[in-house]
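Report on one structure; see the data block that follows.
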Number of protein chains: 2
Amino acid sequence: MFRNLNEIIEKAGKINTQKIIIVGAEEEKLLKATKKASSLGYIEPILVGNKDKIVEIIEKNNINFPSMTIIDAETNEEKSNISCEELYKHKDSFMMKGLVDTSDVLKAILKRKKDFMVSNLISHISLIELPYYEKIIGLSDTSVNIKPDLNGKIDIVKNSRDFFNKLGYELPKISILSAIEKVNNKMQDTIDADYIKKLNQSGELNKCIIEGPISLDLSIDKKSAEIKKYDGLIKGDADILITPDLVSGNLLGKSFNYTPNSKFAGFIVGTKKPIGLTSRASSIENKLYSMIIGAIISAGDDDERTKDVINN
Amino acid sequence: MFRNLNEIIEKAGKINTQKIIIVGAEEEKLLKATKKASSLGYIEPILVGNKDKIVEIIEKNNINFPSMTIIDAETNEEKSNISCEELYKHKDSFMMKGLVDTSDVLKAILKRKKDFMVSNLISHISLIELPYYEKIIGLSDTSVNIKPDLNGKIDIVKNSRDFFNKLGYELPKISILSAIEKVNNKMQDTIDADYIKKLNQSGELNKCIIEGPISLDLSIDKKSAEIKKYDGLIKGDADILITPDLVSGNLLGKSFNYTPNSKFAGFIVGTKKPIGLTSRASSIENKLYSMIIGAIISAGDDDERTKDVINN
């Protein structure tokens, strides 16, 4: 359990520097965050995008990278495809989305499913630090899957669980969110949530604890769980929140984001390595968290791979 | 424009004391709020519910009402029906939901549509004060309509607009929320939002300014609207947020509610008089705001009625 995003970084300690491939790097805040993460030794940037614009921003802001590569690319498609090439080429590497459309990055990934994907589905997860909650919370899916069906939701749950398992959580507590706790035939999301909970209880979906349908207050507020005498597997102590669809996730994520003193990191998951993904309006700090935590997970994955080789 | 909930109360000044009919009054926090609002001269309570329990709570907490009535009722249905009777009987009165299911209150109201309803649809609106937003914001519908179709959404917009018109807003700015700003055929909520915006532009839905589909950040964050160079009718200055369905409204409303230093009042609208409706876990302060603002609007409605009589 991590109390905040900094704790993830502190506990990770020193890691092997990871190559970060930035898809569409011609963005000022992103380059400033890259500079910072690079100075701290977490990453070595490969900047993919419009070379003139990248150089212009670097010069204007006196950004000095200890070491970096720029690869010139014009269209979003080109930037995304070249970035995937680079990702494949370098063992200790991961990607971060810059000034390109998310859909272009996803298309490039999906074209090479076998090389990059470990799940049936790509999804997004946010790691959020809230001033009123004692630990970090994961939120999925706020950005990729519009209206996931039951199978889609199960994949989203699995991707989120895997991400938290990699962070070091043995049994992350996952809330399948709804407005209520009882199954209501008029609300498909309550039926789906109940089904996913049953998959967990029967052991078909393991390495996590799942409760649902469950409201936000019972998921993250112990006092509310007490007042309502709620007797679920999660009682105001969720690690991960899964929303019924994109719009509800997007609204919830944004309101968390506007909560004063909240912090945030965002990732595409379901891929071998997480892909950093924040919105254009995100702060430098949030972009920095996404890069460093992305690097930590990327380095951890490489460690795992090494272990596997040794064990076999 | 009101900066906060207190300002609504200050600007209203002294009002005619309103009878408040509490449906299911056997709830401690609710009775404490009732005591306070009653001492301030806004309300005179008619407590409908289990008489023994009500008396027990009143005695245990030394609650002294300047004046009050208790009406004994056992089942939720009975409590709701008796409360509607009382509402009909007293001119200067409005209702507040206590320890009964919302559905029972709504059923009782719907049985007597002609007496109580002014809209095709009953909906819920929250008035929220957020520490990071310069004015109060309305949010609908977080509690009643599960999956409103286009007509349902239009009614929800109208009910919210009417409520804000009564508060004194001539042209409240209404955001029809989505995750994005462009119409996307895969997202019905964006199509509905665009349609409702067009109704407003063609003059069929007046007394408000409507933008949609629009994301939360562009609705309530001027800086984000600047960064994204957004050119809509609302640029981070919305008065009312309409969510695509209940679950997204419920999640958004609850996260607003957990934002430290936020305040909140809740109402059923579409009825002649607003019905105070907060959740059981709501604070005494939030219940108090719902009562006092309910009383102010109730008193204003009576003034309007008086005016009409004079004008005719």
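To be explicit about the labels: the chains of the structure tokens are called A, B, and onward in the order shown, and within each one the residues are counted from 1, while ligands get numbers from 1 in the order they are shown.
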For this session: Just list the residues in segment 52-242 of chain A DSSP gives strand (DSSP E or B) on the backbone, as an MDAnalysis selection string.
Result: chainID A and resid 69:72 93:97 117 123:129 137:140 173:177 209:214 240:242
For this session: Identify, on the basis of only C-alpha atoms, every residue whose closest approach to segment 243-255 of chain A does not exceed 8 Å; exclude the query and any residue fewer than 4 positions from it along the same chain; express the result as a list in words.
Result: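 With the cut-off at 8 Å, the set is Ser126, Leu139, Ser140, Asp141, Thr142, Ser143, Val144, Asn145, Ile146, Lys147, Pro148, Lys153, Ile176, Leu177, Ser178, Asp189 and Thr259 of chain A; Ser178, Ala179, Ser215, Leu216, Asp217, Val247, Ser248, Gly249, Leu251, Leu252, Ser255 and Phe256 of chain B.
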Problem set entry | Neighbour list for Gly232 of chain A as a list in words, cut-off 9 Å, only C-alpha atoms, skip fewer than 3 positions in-chain |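 The residues satisfying every condition are Glu211, Gly212, Ile214, Leu218, Ala225 and Lys235 of chain A.
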Problem set entry | Residues of segment 145-285 of chain B in helix (DSSP H, G or I), written as a ChimeraX atom specification | /B:150-167,188-201,216-220,222-227,246-258,284-285
For this session: Excluding Leu40 of chain B and any residue of its chain fewer than 5 positions from it, enumerate the residues within 12 Å of it, using only C-alpha atoms, and give them as JSON, numbers by chain.
Result: {"B": [9, 13, 14, 15, 16, 17, 18, 33, 34, 35, 65, 66, 288, 291, 292, 295]}
Exercise. Which residues come within 8 Å of segment 81-91 of chain B, counting only C-alpha atoms, excluding same-chain residues fewer than 3 positions away, as a list in words?
Worked result: Lys19, Ile21, Ile22, Val23, Val48, Ala73, Glu77, Glu78, Phe94, Met95, Val105, Ala108, Ile109, Asp115 and Asp302 of chain B
Hey, can you spit out that residue selection with all heavy atoms as a short mmCIF file (atom, residue, chain, number, x, y, z; two decimals), in the first residue's frame?
data_model
loop_
_atom_site.label_atom_id
_atom_site.label_comp_id
_atom_site.auth_asym_id
_atom_site.auth_seq_id
_atom_site.Cartn_x
_atom_site.Cartn_y
_atom_site.Cartn_z
N LYS B 19 -43.93 25.99 6.39
CA LYS B 19 -44.08 24.69 7.03
C LYS B 19 -43.20 23.69 6.26
O LYS B 19 -43.23 23.65 5.04
CB LYS B 19 -45.53 24.25 6.99
CG LYS B 19 -46.40 25.06 7.95
CD LYS B 19 -47.60 24.26 8.42
CE LYS B 19 -48.23 24.92 9.63
NZ LYS B 19 -48.54 26.36 9.46
N ILE B 21 -42.57 19.71 5.80
CA ILE B 21 -43.13 18.40 6.11
C ILE B 21 -42.02 17.38 5.93
O ILE B 21 -41.52 17.17 4.82
CB ILE B 21 -44.31 18.08 5.17
CG1 ILE B 21 -45.39 19.15 5.37
CG2 ILE B 21 -44.85 16.69 5.43
CD1 ILE B 21 -46.08 19.54 4.10
N ILE B 22 -41.58 16.78 7.02
CA ILE B 22 -40.47 15.84 6.92
C ILE B 22 -41.00 14.41 6.85
O ILE B 22 -41.66 13.92 7.76
CB ILE B 22 -39.51 16.01 8.11
CG1 ILE B 22 -39.05 17.48 8.12
CG2 ILE B 22 -38.34 15.05 8.00
CD1 ILE B 22 -37.78 17.76 8.81
N VAL B 23 -40.72 13.77 5.72
CA VAL B 23 -41.22 12.42 5.46
C VAL B 23 -40.25 11.41 6.06
O VAL B 23 -39.19 11.16 5.50
CB VAL B 23 -41.32 12.16 3.93
CG1 VAL B 23 -42.28 11.02 3.66
CG2 VAL B 23 -41.71 13.42 3.17
N VAL B 48 -43.43 13.74 10.15
CA VAL B 48 -44.23 12.56 9.83
C VAL B 48 -43.34 11.33 9.96
O VAL B 48 -42.27 11.25 9.35
CB VAL B 48 -44.80 12.65 8.39
CG1 VAL B 48 -45.65 11.44 8.07
CG2 VAL B 48 -45.60 13.94 8.21
N ALA B 73 -46.91 7.70 11.72
CA ALA B 73 -47.13 6.88 10.54
C ALA B 73 -46.10 5.75 10.55
O ALA B 73 -44.97 5.94 10.99
CB ALA B 73 -46.98 7.71 9.27
N GLU B 77 -44.93 3.93 2.82
CA GLU B 77 -46.03 4.36 1.95
C GLU B 77 -46.95 5.32 2.71
O GLU B 77 -47.32 6.38 2.20
CB GLU B 77 -46.81 3.11 1.51
CG GLU B 77 -47.71 3.37 0.33
CD GLU B 77 -48.57 2.15 0.01
OE1 GLU B 77 -48.19 1.02 0.41
OE2 GLU B 77 -49.62 2.34 -0.63
N GLU B 78 -47.26 4.91 3.95
CA GLU B 78 -48.13 5.74 4.78
C GLU B 78 -47.49 7.11 5.03
O GLU B 78 -48.13 8.15 4.89
CB GLU B 78 -48.33 4.99 6.12
CG GLU B 78 -49.64 5.26 6.81
CD GLU B 78 -49.67 4.52 8.18
OE1 GLU B 78 -49.07 3.42 8.28
OE2 GLU B 78 -50.27 5.06 9.11
N PHE B 94 -43.45 23.02 2.17
CA PHE B 94 -42.71 22.18 1.23
C PHE B 94 -42.25 20.93 1.98
O PHE B 94 -42.39 20.86 3.20
CB PHE B 94 -41.52 22.95 0.61
CG PHE B 94 -40.39 23.23 1.57
CD1 PHE B 94 -39.19 22.53 1.48
CD2 PHE B 94 -40.52 24.18 2.58
CE1 PHE B 94 -38.14 22.78 2.37
CE2 PHE B 94 -39.49 24.44 3.46
CZ PHE B 94 -38.29 23.74 3.35
N MET B 95 -41.72 19.94 1.24
CA MET B 95 -41.38 18.66 1.87
C MET B 95 -39.87 18.45 1.92
O MET B 95 -39.11 19.00 1.12
CB MET B 95 -41.97 17.49 1.07
CG MET B 95 -43.47 17.31 1.26
SD MET B 95 -43.99 15.58 1.02
CE MET B 95 -43.59 15.30 -0.66
N VAL B 105 -41.58 8.20 -1.80
CA VAL B 105 -42.00 9.61 -1.88
C VAL B 105 -42.44 9.92 -3.31
O VAL B 105 -43.48 10.52 -3.54
CB VAL B 105 -40.85 10.56 -1.46
CG1 VAL B 105 -41.30 12.00 -1.54
CG2 VAL B 105 -40.36 10.23 -0.07
N ALA B 108 -45.86 8.52 -4.22
CA ALA B 108 -46.95 9.29 -3.63
C ALA B 108 -47.19 10.58 -4.41
O ALA B 108 -48.34 10.98 -4.64
CB ALA B 108 -46.63 9.61 -2.17
N ILE B 109 -46.10 11.19 -4.85
CA ILE B 109 -46.21 12.42 -5.65
C ILE B 109 -46.88 12.11 -7.00
O ILE B 109 -47.80 12.80 -7.44
CB ILE B 109 -44.80 13.02 -5.93
CG1 ILE B 109 -44.13 13.48 -4.64
CG2 ILE B 109 -44.86 14.13 -6.97
CD1 ILE B 109 -44.54 14.83 -4.15
N ASP B 115 -51.93 17.61 -8.71
CA ASP B 115 -51.78 18.48 -7.54
C ASP B 115 -50.35 18.98 -7.36
O ASP B 115 -50.13 20.07 -6.83
CB ASP B 115 -52.17 17.72 -6.25
CG ASP B 115 -53.65 17.38 -6.24
OD1 ASP B 115 -54.42 18.12 -6.88
OD2 ASP B 115 -54.02 16.38 -5.59
N ASP B 302 -44.59 31.32 -3.28
CA ASP B 302 -45.83 31.87 -2.75
C ASP B 302 -45.94 33.33 -3.11
O ASP B 302 -47.00 33.81 -3.49
CB ASP B 302 -45.88 31.68 -1.23
CG ASP B 302 -46.14 30.21 -0.89
OD1 ASP B 302 -46.78 29.53 -1.72
OD2 ASP B 302 -45.73 29.76 0.18
#
Exercise. Taking only C-alpha atoms into account, which of B:Thr278, B:Ala265, B:Ile296, B:Tyr258 comes nearest chain A?
Worked result: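 The shortest atom-to-atom distance to chain A comes from B:Tyr258.
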For this session: For Lys198 of chain B, work out the shell of residues within 12 Å, counting only C-alpha atoms and skipping chain neighbours fewer than 3 positions away, then give it as a PyMOL selection string.
Result: chain B and resi 154+176+191-195+201-206+209-213
Save the residues we just selected, all heavy atoms, as a CSV table (one decimal), in the first residue's frame?
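So the final result, stored in result_28.csv, reads:
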chain,number,residue,atom,x,y,z
B,154,ILE,N,-34.2,16.4,-21.8
B,154,ILE,CA,-34.7,17.8,-22.0
B,154,ILE,C,-35.5,18.2,-20.8
B,154,ILE,O,-35.4,19.3,-20.3
B,154,ILE,CB,-35.6,17.8,-23.3
B,154,ILE,CG1,-34.7,17.6,-24.5
B,154,ILE,CG2,-36.4,19.1,-23.4
B,154,ILE,CD1,-35.5,17.3,-25.8
B,176,ILE,N,-24.1,20.4,-21.0
B,176,ILE,CA,-24.6,19.0,-21.2
B,176,ILE,C,-23.3,18.2,-21.3
B,176,ILE,O,-22.6,18.2,-22.3
B,176,ILE,CB,-25.5,18.8,-22.5
B,176,ILE,CG1,-26.5,19.9,-22.6
B,176,ILE,CG2,-26.1,17.4,-22.4
B,176,ILE,CD1,-27.6,20.0,-21.5
B,191,ILE,N,-24.6,12.9,-29.1
B,191,ILE,CA,-25.7,13.3,-30.1
B,191,ILE,C,-26.8,14.0,-29.3
B,191,ILE,O,-27.3,15.0,-29.8
B,191,ILE,CB,-26.2,12.0,-30.7
B,191,ILE,CG1,-25.0,11.3,-31.5
B,191,ILE,CG2,-27.3,12.3,-31.7
B,191,ILE,CD1,-25.4,9.9,-32.0
B,192,ASP,N,-27.2,13.4,-28.2
B,192,ASP,CA,-28.3,14.1,-27.4
B,192,ASP,C,-27.9,15.5,-27.0
B,192,ASP,O,-28.7,16.4,-27.1
B,192,ASP,CB,-28.6,13.2,-26.1
B,192,ASP,CG,-29.3,11.9,-26.5
B,192,ASP,OD1,-29.6,11.7,-27.6
B,192,ASP,OD2,-29.4,11.1,-25.5
B,193,ALA,N,-26.7,15.6,-26.5
B,193,ALA,CA,-26.2,16.9,-26.1
B,193,ALA,C,-26.3,18.0,-27.2
B,193,ALA,O,-26.7,19.1,-27.0
B,193,ALA,CB,-24.8,16.8,-25.5
B,194,ASP,N,-25.8,17.5,-28.4
B,194,ASP,CA,-25.8,18.4,-29.5
B,194,ASP,C,-27.3,18.8,-29.9
B,194,ASP,O,-27.6,20.0,-30.2
B,194,ASP,CB,-25.2,17.7,-30.7
B,194,ASP,CG,-25.0,18.6,-31.9
B,194,ASP,OD1,-24.4,19.7,-31.7
B,194,ASP,OD2,-25.5,18.3,-33.0
B,195,TYR,N,-28.2,17.9,-29.8
B,195,TYR,CA,-29.6,18.1,-30.1
B,195,TYR,C,-30.2,19.2,-29.1
B,195,TYR,O,-30.9,20.1,-29.5
B,195,TYR,CB,-30.4,16.8,-30.0
B,195,TYR,CG,-31.8,17.0,-30.5
B,195,TYR,CD1,-32.2,16.7,-31.8
B,195,TYR,CD2,-32.8,17.3,-29.6
B,195,TYR,CE1,-33.5,16.8,-32.2
B,195,TYR,CE2,-34.2,17.5,-30.0
B,195,TYR,CZ,-34.5,17.2,-31.4
B,195,TYR,OH,-35.7,17.4,-31.8
B,201,GLN,N,-30.6,27.0,-29.3
B,201,GLN,CA,-30.2,28.0,-30.3
B,201,GLN,C,-31.4,28.4,-31.1
B,201,GLN,O,-31.5,29.5,-31.6
B,201,GLN,CB,-29.0,27.5,-31.1
B,201,GLN,CG,-27.7,27.4,-30.3
B,201,GLN,CD,-26.6,26.8,-31.1
B,201,GLN,OE1,-26.8,25.9,-31.9
B,201,GLN,NE2,-25.4,27.3,-30.8
B,202,SER,N,-32.3,27.4,-31.3
B,202,SER,CA,-33.5,27.7,-32.2
B,202,SER,C,-34.6,28.4,-31.4
B,202,SER,O,-35.6,28.7,-31.9
B,202,SER,CB,-34.0,26.4,-32.8
B,202,SER,OG,-34.5,25.6,-31.8
B,203,GLY,N,-34.3,28.6,-30.1
B,203,GLY,CA,-35.3,29.3,-29.2
B,203,GLY,C,-36.4,28.4,-28.7
B,203,GLY,O,-37.3,28.9,-27.9
B,204,GLU,N,-36.3,27.1,-28.9
B,204,GLU,CA,-37.4,26.2,-28.4
B,204,GLU,C,-37.1,25.9,-26.9
B,204,GLU,O,-38.0,25.4,-26.2
B,204,GLU,CB,-37.4,24.9,-29.2
B,204,GLU,CG,-38.0,25.1,-30.6
B,204,GLU,CD,-37.7,23.9,-31.5
B,204,GLU,OE1,-38.5,22.9,-31.4
B,204,GLU,OE2,-36.7,23.9,-32.2
B,205,LEU,N,-35.9,26.1,-26.5
B,205,LEU,CA,-35.6,25.9,-25.1
B,205,LEU,C,-34.9,27.2,-24.6
B,205,LEU,O,-33.7,27.4,-24.9
B,205,LEU,CB,-34.7,24.7,-25.0
B,205,LEU,CG,-34.8,23.8,-23.7
B,205,LEU,CD1,-34.0,22.5,-23.9
B,205,LEU,CD2,-34.3,24.5,-22.5
B,206,ASN,N,-35.7,28.0,-23.9
B,206,ASN,CA,-35.1,29.4,-23.7
B,206,ASN,C,-34.8,29.6,-22.2
B,206,ASN,O,-34.7,28.7,-21.4
B,206,ASN,CB,-36.1,30.5,-24.2
B,206,ASN,CG,-37.4,30.3,-23.6
B,206,ASN,OD1,-37.7,29.5,-22.7
B,206,ASN,ND2,-38.4,31.2,-24.0
B,209,ILE,N,-28.6,29.4,-21.4
B,209,ILE,CA,-27.6,29.2,-22.4
B,209,ILE,C,-27.1,27.8,-22.3
B,209,ILE,O,-26.6,27.4,-21.2
B,209,ILE,CB,-26.4,30.2,-22.2
B,209,ILE,CG1,-26.9,31.7,-22.5
B,209,ILE,CG2,-25.3,29.9,-23.2
B,209,ILE,CD1,-26.0,32.7,-22.0
B,210,ILE,N,-27.1,27.1,-23.4
B,210,ILE,CA,-26.8,25.7,-23.4
B,210,ILE,C,-25.5,25.4,-24.2
B,210,ILE,O,-25.5,25.8,-25.4
B,210,ILE,CB,-27.9,24.8,-23.8
B,210,ILE,CG1,-29.1,24.9,-22.8
B,210,ILE,CG2,-27.5,23.3,-23.9
B,210,ILE,CD1,-30.3,24.1,-23.1
B,211,GLU,N,-24.6,24.7,-23.7
B,211,GLU,CA,-23.4,24.2,-24.5
B,211,GLU,C,-23.3,22.6,-24.3
B,211,GLU,O,-23.6,22.1,-23.2
B,211,GLU,CB,-22.1,24.8,-24.0
B,211,GLU,CG,-20.9,24.5,-24.8
B,211,GLU,CD,-21.0,24.7,-26.3
B,211,GLU,OE1,-20.9,25.8,-26.8
B,211,GLU,OE2,-21.3,23.7,-27.0
B,212,GLY,N,-23.0,22.0,-25.3
B,212,GLY,CA,-22.8,20.5,-25.2
B,212,GLY,C,-22.6,19.9,-26.6
B,212,GLY,O,-23.0,20.5,-27.6
B,213,PRO,N,-22.0,18.7,-26.7
B,213,PRO,CA,-21.4,18.0,-25.6
B,213,PRO,C,-20.1,18.8,-25.2
B,213,PRO,O,-19.4,19.4,-26.0
B,213,PRO,CB,-20.9,16.7,-26.3
B,213,PRO,CG,-20.8,17.0,-27.7
B,213,PRO,CD,-21.9,18.0,-28.0
For this session: Work out how far atom CA of Lys173 of chain A is from atom CA of Ser219 of chain A, in Å to one decimal.
Result: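 Spanning atom CA of Ser219 of chain A to atom CA of Lys173 of chain A is a straight-line distance of 9.5 Å.
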Problem set entry | Gap from atom CA of Gly294 of chain B to atom CA of Gly41 of chain B - Å, one decimal |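 Interatomic distance, atom CA of Gly294 of chain B to atom CA of Gly41 of chain B: 13.3 Å.
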Exercise. What lies within 10 Å of Glu74 of chain A using only C-alpha atoms, ignoring chain neighbours under 6 positions off, as a ChimeraX atom specification?
Worked result: /A:24,48-51
For this session: Measuring atom to atom with only C-alpha atoms, identify which of B:Lys229, B:Lys135, B:Lys114, B:Lys36 is nearest to chain A.
Result: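 Closest to chain A, using only C-alpha atoms: B:Lys229.
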For this session: Record the distance separating atom CA of Pro172 of chain A and atom CA of Ile122 of chain A, expressed in Å with one decimal.
Result: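 Between atom CA of Pro172 of chain A and atom CA of Ile122 of chain A the gap is 19.9 Å.
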